[in-house]
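Q: Below you'll find structure.cif; it's mmCIF, C-alpha atoms.
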data_protein
#
loop_
_atom_site.group_PDB
_atom_site.id
_atom_site.type_symbol
_atom_site.label_atom_id
_atom_site.label_comp_id
_atom_site.auth_asym_id
_atom_site.auth_seq_id
_atom_site.Cartn_x
_atom_site.Cartn_y
_atom_site.Cartn_z
ATOM 1 C CA MET R 1 -5.162 3.308 -30.042
ATOM 2 C CA ASN R 2 -8.264 3.299 -32.258
ATOM 3 C CA ASP R 3 -7.007 6.401 -34.101
ATOM 4 C CA PHE R 4 -3.678 4.681 -34.799
ATOM 5 C CA LYS R 5 -5.523 1.589 -36.043
ATOM 6 C CA ASP R 6 -7.649 3.741 -38.367
ATOM 7 C CA VAL R 7 -4.527 5.379 -39.798
ATOM 8 C CA ILE R 8 -2.950 1.983 -40.485
ATOM 9 C CA ILE R 9 -6.154 0.751 -42.173
ATOM 10 C CA ASP R 10 -6.300 3.894 -44.332
ATOM 11 C CA LEU R 11 -2.662 3.541 -45.388
ATOM 12 C CA LEU R 12 -3.114 -0.144 -46.232
ATOM 13 C CA GLN R 13 -6.186 0.708 -48.267
ATOM 14 C CA ILE R 14 -4.308 3.469 -50.091
ATOM 15 C CA THR R 15 -1.427 1.051 -50.793
ATOM 16 C CA ILE R 16 -3.836 -1.458 -52.356
ATOM 17 C CA GLY R 17 -5.337 1.325 -54.478
ATOM 18 C CA VAL R 18 -1.884 2.436 -55.617
ATOM 19 C CA LEU R 19 -1.023 -1.154 -56.608
ATOM 20 C CA PHE R 20 -4.142 -1.450 -58.774
ATOM 21 C CA ALA R 21 -3.429 1.898 -60.446
ATOM 22 C CA ALA R 22 0.189 0.888 -61.086
ATOM 23 C CA VAL R 23 -0.941 -2.352 -62.765
ATOM 24 C CA GLY R 24 -3.296 -0.368 -65.008
ATOM 25 C CA LEU R 25 -0.488 1.970 -66.025
ATOM 26 C CA ASN R 26 2.398 -0.510 -66.305
ATOM 27 C CA ALA R 27 0.653 -3.521 -67.831
ATOM 28 C CA PHE R 28 -1.799 -1.715 -70.135
ATOM 29 C CA LEU R 29 -1.568 2.029 -70.739
ATOM 30 C CA LEU R 30 2.134 2.935 -70.662
ATOM 31 C CA PRO R 31 3.456 0.214 -73.023
ATOM 32 C CA ASN R 32 0.841 1.148 -75.622
ATOM 33 C CA GLY R 33 0.889 4.954 -75.443
ATOM 34 C CA PHE R 34 -2.687 5.226 -74.130
ATOM 35 C CA LEU R 35 -3.818 8.080 -71.924
ATOM 36 C CA ASP R 36 -6.317 8.618 -69.151
ATOM 37 C CA GLY R 37 -7.945 11.872 -68.095
ATOM 38 C CA GLY R 38 -6.816 14.244 -65.361
ATOM 39 C CA ILE R 39 -3.290 14.821 -64.132
ATOM 40 C CA THR R 40 -2.373 11.198 -64.879
ATOM 41 C CA GLY R 41 -3.302 11.851 -68.510
ATOM 42 C CA VAL R 42 -1.186 15.017 -68.565
ATOM 43 C CA ALA R 43 1.783 13.045 -67.196
ATOM 44 C CA LEU R 44 1.290 10.284 -69.787
ATOM 45 C CA LEU R 45 1.035 12.791 -72.659
ATOM 46 C CA THR R 46 4.129 14.672 -71.458
ATOM 47 C CA ASN R 47 5.979 11.357 -71.269
ATOM 48 C CA ILE R 48 5.030 10.560 -74.873
ATOM 49 C CA LEU R 49 6.105 14.011 -76.121
ATOM 50 C CA THR R 50 9.299 14.470 -74.091
ATOM 51 C CA GLY R 51 10.402 11.033 -72.923
ATOM 52 C CA ILE R 52 10.722 12.259 -69.328
ATOM 53 C CA ASP R 53 10.283 9.446 -66.799
ATOM 54 C CA ILE R 54 6.580 9.105 -65.934
ATOM 55 C CA SER R 55 7.421 8.644 -62.245
ATOM 56 C CA TRP R 56 8.926 12.119 -61.973
ATOM 57 C CA LEU R 57 6.111 13.617 -64.011
ATOM 58 C CA LEU R 58 3.466 12.187 -61.662
ATOM 59 C CA LEU R 59 5.233 13.821 -58.720
ATOM 60 C CA LEU R 60 6.001 17.190 -60.329
ATOM 61 C CA ILE R 61 2.639 17.788 -62.036
ATOM 62 C CA ASN R 62 0.659 16.781 -58.939
ATOM 63 C CA LEU R 63 2.761 18.961 -56.608
ATOM 64 C CA PRO R 64 0.847 22.261 -57.154
ATOM 65 C CA PHE R 65 -2.446 20.481 -56.554
ATOM 66 C CA LEU R 66 -1.135 18.911 -53.353
ATOM 67 C CA ILE R 67 -0.243 22.401 -52.119
ATOM 68 C CA ILE R 68 -3.804 23.507 -52.891
ATOM 69 C CA ALA R 69 -5.106 20.465 -50.986
ATOM 70 C CA TYR R 70 -3.076 21.517 -47.934
ATOM 71 C CA TYR R 71 -4.861 24.870 -47.756
ATOM 72 C CA VAL R 72 -8.388 24.230 -49.065
ATOM 73 C CA VAL R 73 -9.138 20.597 -48.178
ATOM 74 C CA SER R 74 -7.239 19.387 -45.108
ATOM 75 C CA LYS R 75 -3.701 18.789 -43.913
ATOM 76 C CA TRP R 76 -4.444 15.122 -43.237
ATOM 77 C CA ILE R 77 -5.624 14.553 -46.818
ATOM 78 C CA PHE R 78 -2.493 16.400 -47.980
ATOM 79 C CA PHE R 79 -0.182 14.007 -46.115
ATOM 80 C CA LYS R 80 -2.080 10.891 -47.189
ATOM 81 C CA SER R 81 -2.077 12.091 -50.799
ATOM 82 C CA ILE R 82 1.696 12.615 -50.684
ATOM 83 C CA PHE R 83 1.954 8.997 -49.545
ATOM 84 C CA SER R 84 -0.323 7.774 -52.370
ATOM 85 C CA ILE R 85 1.305 9.782 -55.174
ATOM 86 C CA ILE R 86 4.875 8.961 -54.125
ATOM 87 C CA GLY R 87 3.823 5.320 -53.791
ATOM 88 C CA LEU R 88 2.357 5.354 -57.310
ATOM 89 C CA ALA R 89 5.534 6.934 -58.710
ATOM 90 C CA ILE R 90 7.661 4.236 -57.033
ATOM 91 C CA PHE R 91 5.477 1.359 -58.223
ATOM 92 C CA VAL R 92 5.334 2.739 -61.766
ATOM 93 C CA HIS R 93 9.121 3.204 -61.849
ATOM 94 C CA TRP R 94 10.132 -0.129 -60.325
ATOM 95 C CA GLY R 95 7.107 -2.351 -60.893
ATOM 96 C CA ILE R 96 7.954 -3.388 -64.440
ATOM 97 C CA LEU R 97 5.263 -5.649 -65.886
ATOM 98 C CA PRO R 98 5.066 -7.248 -69.329
ATOM 99 C CA PRO R 99 2.238 -5.961 -71.560
ATOM 100 C CA VAL R 100 -0.787 -8.207 -71.082
ATOM 101 C CA THR R 101 -2.244 -7.771 -74.574
ATOM 102 C CA ASP R 102 -1.782 -5.796 -77.774
ATOM 103 C CA ASP R 103 -5.516 -5.570 -78.467
ATOM 104 C CA LYS R 104 -6.297 -1.843 -78.286
ATOM 105 C CA LEU R 105 -9.873 -2.278 -77.126
ATOM 106 C CA LEU R 106 -8.823 -4.600 -74.280
ATOM 107 C CA ILE R 107 -6.030 -2.202 -73.319
ATOM 108 C CA ALA R 108 -8.441 0.726 -73.073
ATOM 109 C CA ILE R 109 -11.051 -1.230 -71.115
ATOM 110 C CA PHE R 110 -8.863 -3.164 -68.687
ATOM 111 C CA GLY R 111 -6.371 -0.343 -68.261
ATOM 112 C CA GLY R 112 -9.326 1.855 -67.303
ATOM 113 C CA ILE R 113 -10.718 -0.815 -64.961
ATOM 114 C CA PHE R 114 -7.468 -1.226 -63.006
ATOM 115 C CA LEU R 115 -6.814 2.508 -62.888
ATOM 116 C CA GLY R 116 -10.406 3.221 -61.828
ATOM 117 C CA MET R 117 -10.218 0.609 -59.073
ATOM 118 C CA GLY R 118 -6.977 2.152 -57.857
ATOM 119 C CA ILE R 119 -8.352 5.689 -57.791
ATOM 120 C CA GLY R 120 -11.610 4.600 -56.122
ATOM 121 C CA ILE R 121 -9.913 2.556 -53.385
ATOM 122 C CA THR R 122 -7.439 5.379 -52.742
ATOM 123 C CA ILE R 123 -10.258 7.919 -52.367
ATOM 124 C CA ARG R 124 -11.966 5.550 -49.921
ATOM 125 C CA GLY R 125 -8.751 5.738 -47.911
ATOM 126 C CA GLY R 126 -9.038 9.536 -47.821
ATOM 127 C CA ALA R 127 -6.376 10.429 -50.402
ATOM 128 C CA VAL R 128 -6.150 11.296 -54.089
ATOM 129 C CA LEU R 129 -4.056 10.023 -56.975
ATOM 130 C CA ASP R 130 -5.094 12.789 -59.332
ATOM 131 C CA GLY R 131 -4.974 16.527 -58.684
ATOM 132 C CA THR R 132 -7.971 17.450 -60.835
ATOM 133 C CA GLU R 133 -10.373 16.639 -58.017
ATOM 134 C CA VAL R 134 -8.452 18.976 -55.715
ATOM 135 C CA LEU R 135 -8.508 21.637 -58.449
ATOM 136 C CA GLY R 136 -12.266 21.175 -58.696
ATOM 137 C CA ILE R 137 -12.685 21.618 -54.943
ATOM 138 C CA TYR R 138 -10.529 24.765 -55.000
ATOM 139 C CA LEU R 139 -12.389 26.430 -57.909
ATOM 140 C CA ASN R 140 -15.722 25.470 -56.402
ATOM 141 C CA ASP R 141 -14.654 27.074 -53.132
ATOM 142 C CA ARG R 142 -13.370 30.289 -54.756
ATOM 143 C CA PHE R 143 -15.745 30.820 -57.675
ATOM 144 C CA GLY R 144 -18.688 28.461 -57.148
ATOM 145 C CA ILE R 145 -17.942 26.407 -60.289
ATOM 146 C CA SER R 146 -19.135 22.819 -59.905
ATOM 147 C CA ILE R 147 -16.427 20.192 -59.420
ATOM 148 C CA GLY R 148 -17.858 18.058 -62.234
ATOM 149 C CA LYS R 149 -17.661 20.937 -64.726
ATOM 150 C CA VAL R 150 -14.050 21.700 -63.770
ATOM 151 C CA ILE R 151 -12.994 18.088 -64.385
ATOM 152 C CA LEU R 152 -15.007 17.899 -67.628
ATOM 153 C CA ILE R 153 -13.489 21.108 -69.063
ATOM 154 C CA PHE R 154 -9.996 20.023 -68.004
ATOM 155 C CA ASN R 155 -10.358 16.704 -69.815
ATOM 156 C CA ILE R 156 -11.906 18.223 -72.958
ATOM 157 C CA ILE R 157 -8.800 20.418 -73.267
ATOM 158 C CA LEU R 158 -6.497 17.468 -72.498
ATOM 159 C CA PHE R 159 -8.030 15.151 -75.093
ATOM 160 C CA GLY R 160 -8.051 17.951 -77.676
ATOM 161 C CA ILE R 161 -4.289 18.350 -77.150
ATOM 162 C CA THR R 162 -3.877 14.559 -77.270
ATOM 163 C CA ILE R 163 -5.543 14.342 -80.681
ATOM 164 C CA TYR R 164 -3.442 17.253 -81.976
ATOM 165 C CA PHE R 165 -0.084 15.771 -80.910
ATOM 166 C CA THR R 166 -0.795 12.061 -81.460
ATOM 167 C CA SER R 167 -3.719 10.863 -83.582
ATOM 168 C CA TRP R 168 -7.478 10.659 -83.666
ATOM 169 C CA GLU R 169 -7.275 6.948 -82.889
ATOM 170 C CA THR R 170 -5.115 7.448 -79.785
ATOM 171 C CA GLY R 171 -7.364 10.283 -78.654
ATOM 172 C CA MET R 172 -10.522 8.205 -79.044
ATOM 173 C CA TYR R 173 -9.063 5.189 -77.246
ATOM 174 C CA SER R 174 -7.873 7.528 -74.490
ATOM 175 C CA ILE R 175 -11.394 8.932 -74.128
ATOM 176 C CA LEU R 176 -12.687 5.357 -73.840
ATOM 177 C CA THR R 177 -10.076 4.656 -71.144
ATOM 178 C CA PHE R 178 -11.174 7.777 -69.272
ATOM 179 C CA ILE R 179 -14.864 6.807 -69.452
ATOM 180 C CA VAL R 180 -14.124 3.328 -68.093
ATOM 181 C CA THR R 181 -11.860 4.742 -65.363
ATOM 182 C CA ALA R 182 -14.472 7.297 -64.263
ATOM 183 C CA LYS R 183 -17.268 4.704 -64.224
ATOM 184 C CA ILE R 184 -15.280 2.191 -62.167
ATOM 185 C CA THR R 185 -14.131 4.917 -59.760
ATOM 186 C CA ASP R 186 -17.725 6.068 -59.210
ATOM 187 C CA SER R 187 -18.955 2.497 -58.764
ATOM 188 C CA ILE R 188 -16.381 1.726 -56.079
ATOM 189 C CA ILE R 189 -17.019 4.953 -54.180
ATOM 190 C CA GLU R 190 -20.817 4.832 -54.432
ATOM 191 C CA GLY R 191 -20.790 1.275 -53.146
ATOM 192 C CA PHE R 192 -19.567 2.704 -49.838
ATOM 193 C CA GLU R 193 -21.590 5.916 -49.967
ATOM 194 C CA ASP R 194 -24.962 4.347 -49.140
ATOM 195 C CA PHE R 195 -26.842 6.182 -46.456
ATOM 196 C CA ILE R 196 -27.823 4.667 -43.139
ATOM 197 C CA GLY R 197 -30.290 6.144 -40.670
ATOM 198 C CA LEU R 198 -29.639 5.827 -36.946
ATOM 199 C CA THR R 199 -31.844 6.222 -33.901
ATOM 200 C CA ILE R 200 -29.907 6.247 -30.623
ATOM 201 C CA ILE R 201 -31.532 6.232 -27.199
ATOM 202 C CA SER R 202 -29.218 6.724 -24.244
ATOM 203 C CA LYS R 203 -29.047 8.356 -20.833
ATOM 204 C CA LYS R 204 -25.868 10.010 -22.116
ATOM 205 C CA SER R 205 -27.426 11.368 -25.294
ATOM 206 C CA SER R 206 -25.811 14.794 -24.915
ATOM 207 C CA GLU R 207 -22.286 13.323 -24.863
ATOM 208 C CA ILE R 208 -23.046 10.981 -27.762
ATOM 209 C CA SER R 209 -24.539 13.708 -29.961
ATOM 210 C CA LYS R 210 -21.508 15.970 -29.397
ATOM 211 C CA ALA R 211 -19.121 13.107 -30.203
ATOM 212 C CA VAL R 212 -21.030 12.223 -33.393
ATOM 213 C CA VAL R 213 -20.811 15.821 -34.605
ATOM 214 C CA HIS R 214 -17.167 16.472 -33.679
ATOM 215 C CA GLU R 215 -15.568 13.044 -34.158
ATOM 216 C CA VAL R 216 -17.570 11.636 -37.070
ATOM 217 C CA GLY R 217 -18.584 14.891 -38.748
ATOM 218 C CA ALA R 218 -22.261 13.912 -39.068
ATOM 219 C CA GLY R 219 -25.267 16.049 -38.258
ATOM 220 C CA VAL R 220 -27.740 15.048 -35.556
ATOM 221 C CA THR R 221 -31.307 15.889 -34.629
ATOM 222 C CA VAL R 222 -32.361 15.448 -31.009
ATOM 223 C CA TYR R 223 -35.992 14.661 -30.156
ATOM 224 C CA LYS R 224 -37.632 14.904 -26.771
ATOM 225 C CA GLY R 225 -39.216 11.590 -25.913
ATOM 226 C CA GLN R 226 -41.142 9.878 -23.154
ATOM 227 C CA GLY R 227 -40.224 6.322 -22.219
ATOM 228 C CA GLY R 228 -42.795 3.604 -21.724
ATOM 229 C CA TYR R 229 -42.394 0.520 -19.556
ATOM 230 C CA GLY R 230 -39.105 -1.289 -19.954
ATOM 231 C CA SER R 231 -37.193 -3.880 -17.990
ATOM 232 C CA HIS R 232 -36.495 -1.301 -15.283
ATOM 233 C CA GLY R 233 -40.054 -0.123 -14.855
ATOM 234 C CA GLU R 234 -41.508 3.223 -15.933
ATOM 235 C CA ASN R 235 -38.992 5.497 -17.668
ATOM 236 C CA THR R 236 -38.797 9.268 -17.480
ATOM 237 C CA GLU R 237 -38.228 11.856 -20.204
ATOM 238 C CA LEU R 238 -35.343 11.177 -22.513
ATOM 239 C CA GLU R 239 -33.601 12.534 -25.586
ATOM 240 C CA ILE R 240 -33.621 10.564 -28.842
ATOM 241 C CA ILE R 241 -30.751 11.103 -31.296
ATOM 242 C CA HIS R 242 -31.480 10.829 -34.998
ATOM 243 C CA SER R 243 -28.704 10.933 -37.616
ATOM 244 C CA ILE R 244 -28.063 10.065 -41.272
ATOM 245 C CA ILE R 245 -24.547 8.893 -42.089
ATOM 246 C CA ASN R 246 -22.601 7.339 -44.933
ATOM 247 C CA ARG R 247 -22.265 3.590 -44.530
ATOM 248 C CA ILE R 248 -18.490 3.906 -44.275
ATOM 249 C CA ASP R 249 -18.930 5.883 -41.027
ATOM 250 C CA LEU R 250 -21.004 3.184 -39.330
ATOM 251 C CA ARG R 251 -17.975 1.615 -37.649
ATOM 252 C CA LYS R 252 -16.991 4.996 -36.187
ATOM 253 C CA ILE R 253 -20.481 5.548 -34.813
ATOM 254 C CA HIS R 254 -20.412 2.160 -33.086
ATOM 255 C CA ARG R 255 -17.064 2.963 -31.486
ATOM 256 C CA VAL R 256 -18.329 6.329 -30.239
ATOM 257 C CA VAL R 257 -21.516 4.872 -28.757
ATOM 258 C CA ASP R 258 -19.755 1.864 -27.187
ATOM 259 C CA ARG R 259 -17.189 4.133 -25.580
ATOM 260 C CA ILE R 260 -19.709 6.535 -24.063
ATOM 261 C CA ASP R 261 -22.629 4.236 -23.271
ATOM 262 C CA PRO R 262 -22.327 0.500 -24.055
ATOM 263 C CA LYS R 263 -25.967 0.035 -22.972
ATOM 264 C CA ALA R 264 -27.351 2.544 -25.488
ATOM 265 C CA PHE R 265 -30.246 1.365 -27.668
ATOM 266 C CA VAL R 266 -29.327 1.783 -31.361
ATOM 267 C CA VAL R 267 -31.590 1.194 -34.356
ATOM 268 C CA GLU R 268 -30.206 1.209 -37.926
ATOM 269 C CA PHE R 269 -32.304 1.517 -41.072
ATOM 270 C CA ASP R 270 -31.682 1.983 -44.792
ATOM 271 C CA VAL R 271 -32.214 5.416 -46.337
ATOM 272 C CA ASN R 272 -33.065 5.648 -50.031
ATOM 273 C CA ASN R 273 -32.329 9.309 -50.633
ATOM 274 C CA VAL R 274 -30.931 12.285 -48.725
ATOM 275 C CA GLN R 275 -30.927 15.959 -49.653
ATOM 276 C CA GLY R 276 -29.331 18.797 -47.697
ATOM 277 C CA GLY R 277 -27.990 18.615 -44.158
ATOM 278 C CA ILE R 278 -24.455 17.685 -43.104
ATOM 279 C CA LEU R 279 -23.094 14.587 -44.795
ATOM 280 C CA ARG R 280 -19.461 13.598 -44.624
ATOM 281 C CA LYS R 281 -17.703 13.089 -47.958
ATOM 282 C CA TYR R 282 -14.347 11.438 -48.569
ATOM 283 C CA LEU R 283 -12.579 14.729 -49.171
ATOM 284 C CA SER R 284 -14.352 16.771 -46.529
ATOM 285 C CA ARG R 285 -12.835 19.964 -45.181
ATOM 286 C CA LYS R 286 -15.032 19.708 -42.094
ATOM 287 C CA THR R 287 -13.631 16.474 -40.750
ATOM 288 C CA GLY R 288 -10.187 16.354 -42.317
ATOM 289 C CA ASN R 289 -10.544 12.623 -43.052
#
Please lay out the structure from this file as structure tokens.

A:
Amino acid sequence: MNDFKDVIIDLLQITIGVLFAAVGLNAFLLPNGFLDGGITGVALLTNILTGIDISWLLLLINLPFLIIAYYVVSKWIFFKSIFSIIGLAIFVHWGILPPVTDDKLLIAIFGGIFLGMGIGITIRGGAVLDGTEVLGIYLNDRFGISIGKVILIFNIILFGITIYFTSWETGMYSILTFIVTAKITDSIIEGFEDFIGLTIISKKSSEISKAVVHEVGAGVTVYKGQGGYGSHGENTELEIIHSIINRIDLRKIHRVVDRIDPKAFVVEFDVNNVQGGILRKYLSRKTGN
């Protein structure tokens, strides 16, 4: 039942993200011939050059990257991304909105804000709206090239082509749109990527630690401890679970602990920085979420 509820929450979150992205495209970027980076930018540029419906372009150009996601990321992310990309194509095709402004600076900024919010919220739901991130994961997996460099090189080529086929002005405004989109996307994701430390003391520590690793995808460290005097008198030896998780996983941890041992003693504390270890990311191949 909880798994079904999580799926519904993810799909609702993805739908909200798709709506924001569609507003950015329909009300700002599309009516004014502005571009973004990534696969969305490729679709917009192709639409300008050929006149092919942007809805079909979003589906067709993202398709190869969705296939890559199926094999190198996870099947669950593949299915959720199909939902998000088809949803975006539908909203862009049918969700006709009047242009909000003809001021080019406002178009670039607010178009980027809405699109960035849409992409960020969709990623929080465990899906993608743009195939460049999947391409980055694939090339990083095969050749060790960093995901950031893949996306940067892709967009340098894209904006070079944009300037060649349109104008310097359109290219520069499109770069501004991309910068705003990327910044907003990062801000939304990082707001939910804060780290939380957990100390869990339970008589069923072995079951809890296994569930945390396999169900949440987080790493754990188990300490041997000696209890003092509690409400039940002198305690014996016990195991103390220590884990660092992303804040977004906190709800899952609580469900796991409550299911296995509702009387477990749990302490949460803020963590300023983490390096190394096993940390779940939104597009993680380990957990498939």

Q: Find the residues around R:Ile253 up to 12 Å (all atoms listed in the file counted), leave out those fewer than 6 positions away in its own chain, and share them as a PyMOL selection string.

A: chain R and resi 196-200+208-218+220+243-247+259-261+264+266-268

Q: Could you list, as a count of residues only, every residue matched by the PyMOL selection byres ((chain R and resi 47-63) around 12) in this structure?

A: 57

Q: Could you tell me which of R:Asp249, R:Glu237, R:Asp258, R:Asp36 comes closest to R:Leu115 if we count all atoms listed in the file?

A: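 Among the listed residues, R:Asp36 lies closest to R:Leu115.
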
Q: In Å, rounded to a single decimal, give me how far atom CA of R:Ile241 is from atom CA of R:Thr221.

A: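 Between atom CA of R:Thr221 and atom CA of R:Ile241 the gap works out to 5.9 Å.
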
Q: Just the number, please: distance in Å from atom CA of R:Thr177 to atom CA of R:Gly112, one decimal.

A: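 These atoms are spaced 4.8 Å apart.
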
Q: What gap, in Å, lies between atom CA of R:Ile151 and atom CA of R:Gly116?

A: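 Atom-to-atom, atom CA of R:Ile151 and atom CA of R:Gly116 are spaced 15.3 Å apart.
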
Q: Using the chain letters and residue numbers of this document, give as JSON, numbers by chain the residues selected by the PyMOL selection byres ((chain R and resi 11) around 12).

A: {"R": [4, 5, 6, 7, 8, 9, 10, 12, 13, 14, 15, 16, 17, 18, 76, 77, 79, 80, 81, 82, 83, 84, 87, 121, 122, 123, 124, 125, 126, 127]}

Q: Mind dumping the selected residues with C-alpha atoms as a PDB file, keeping the file's coordinate frame?

A:
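Full text of again-v1.pdb as output:
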ATOM      1  CA  PHE R   4      -3.678   4.681 -34.799  1.00  0.00           C
ATOM      2  CA  LYS R   5      -5.523   1.589 -36.043  1.00  0.00           C
ATOM      3  CA  ASP R   6      -7.649   3.741 -38.367  1.00  0.00           C
ATOM      4  CA  VAL R   7      -4.527   5.379 -39.798  1.00  0.00           C
ATOM      5  CA  ILE R   8      -2.950   1.983 -40.485  1.00  0.00           C
ATOM      6  CA  ILE R   9      -6.154   0.751 -42.173  1.00  0.00           C
ATOM      7  CA  ASP R  10      -6.300   3.894 -44.332  1.00  0.00           C
ATOM      8  CA  LEU R  12      -3.114  -0.144 -46.232  1.00  0.00           C
ATOM      9  CA  GLN R  13      -6.186   0.708 -48.267  1.00  0.00           C
ATOM     10  CA  ILE R  14      -4.308   3.469 -50.091  1.00  0.00           C
ATOM     11  CA  THR R  15      -1.427   1.051 -50.793  1.00  0.00           C
ATOM     12  CA  ILE R  16      -3.836  -1.458 -52.356  1.00  0.00           C
ATOM     13  CA  GLY R  17      -5.337   1.325 -54.478  1.00  0.00           C
ATOM     14  CA  VAL R  18      -1.884   2.436 -55.617  1.00  0.00           C
ATOM     15  CA  TRP R  76      -4.444  15.122 -43.237  1.00  0.00           C
ATOM     16  CA  ILE R  77      -5.624  14.553 -46.818  1.00  0.00           C
ATOM     17  CA  PHE R  79      -0.182  14.007 -46.115  1.00  0.00           C
ATOM     18  CA  LYS R  80      -2.080  10.891 -47.189  1.00  0.00           C
ATOM     19  CA  SER R  81      -2.077  12.091 -50.799  1.00  0.00           C
ATOM     20  CA  ILE R  82       1.696  12.615 -50.684  1.00  0.00           C
ATOM     21  CA  PHE R  83       1.954   8.997 -49.545  1.00  0.00           C
ATOM     22  CA  SER R  84      -0.323   7.774 -52.370  1.00  0.00           C
ATOM     23  CA  GLY R  87       3.823   5.320 -53.791  1.00  0.00           C
ATOM     24  CA  ILE R 121      -9.913   2.556 -53.385  1.00  0.00           C
ATOM     25  CA  THR R 122      -7.439   5.379 -52.742  1.00  0.00           C
ATOM     26  CA  ILE R 123     -10.258   7.919 -52.367  1.00  0.00           C
ATOM     27  CA  ARG R 124     -11.966   5.550 -49.921  1.00  0.00           C
ATOM     28  CA  GLY R 125      -8.751   5.738 -47.911  1.00  0.00           C
ATOM     29  CA  GLY R 126      -9.038   9.536 -47.821  1.00  0.00           C
ATOM     30  CA  ALA R 127      -6.376  10.429 -50.402  1.00  0.00           C
TER      31      ALA R 127
END

Q: Which one of R:Ile96, R:Gln226, R:Val271, R:Gly136 sits closest to R:Ile153 if you count only C-alpha atoms?

A: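 Going through R:Ile96, R:Gln226, R:Val271, R:Gly136 one by one, the smallest distance to R:Ile153 is for R:Gly136.
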
Q: Choose the residue, out of R:Val222, R:Ile175, R:Val150, R:Ala21, that has the smallest atom-to-atom separation from R:Ser205; count only C-alpha atoms.

A: R:Val222

Q: Hey, can I get the axis-aligned box for stretch 145-159 of chain R? All listed atoms, 3 Å padding on each side, centre and edge lengths in Å to one decimal, as JSON.

A:
{"center_x": -12.8, "center_y": 20.8, "center_z": -67.3, "size_x": 18.6, "size_y": 17.3, "size_z": 21.7}

Q: Between R:Leu19, R:Ile109, R:Val72, R:Ile137, which one has atoms that come closest to R:Ile179, using all atoms listed in the file?

A: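 Using all atoms listed in the file, the shortest distance to R:Ile179 belongs to R:Ile109.
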
Q: Taking into account all atoms listed in the file, which residue in the set R:Gly160, R:Gly118, R:Gly144, R:Gly24 is nearest to R:Ile189?

A: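 Using all atoms listed in the file, the shortest distance to R:Ile189 belongs to R:Gly118.
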
Q: At a cut-off of 10 Å around the point (-15.8, 4.1, -59.4) (file coordinates), what residues fall inside when counting all atoms listed in the file? I'd like the answer as a list of chain:residue names.

A: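 Within the cut-off we find R:Ile113, R:Leu115, R:Gly116, R:Met117, R:Gly118, R:Ile119, R:Gly120, R:Ile121, R:Ile123, R:Val180, R:Thr181, R:Ala182, R:Lys183, R:Ile184, R:Thr185, R:Asp186, R:Ser187, R:Ile188, R:Ile189, R:Glu190, R:Gly191.
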
Q: For R:Tyr71, which residue among R:Asp102, R:Asp141, R:Asp3, R:Glu239 is the nearest when counting all atoms listed in the file?

A: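 Selected residue with least distance to R:Tyr71: R:Asp141.
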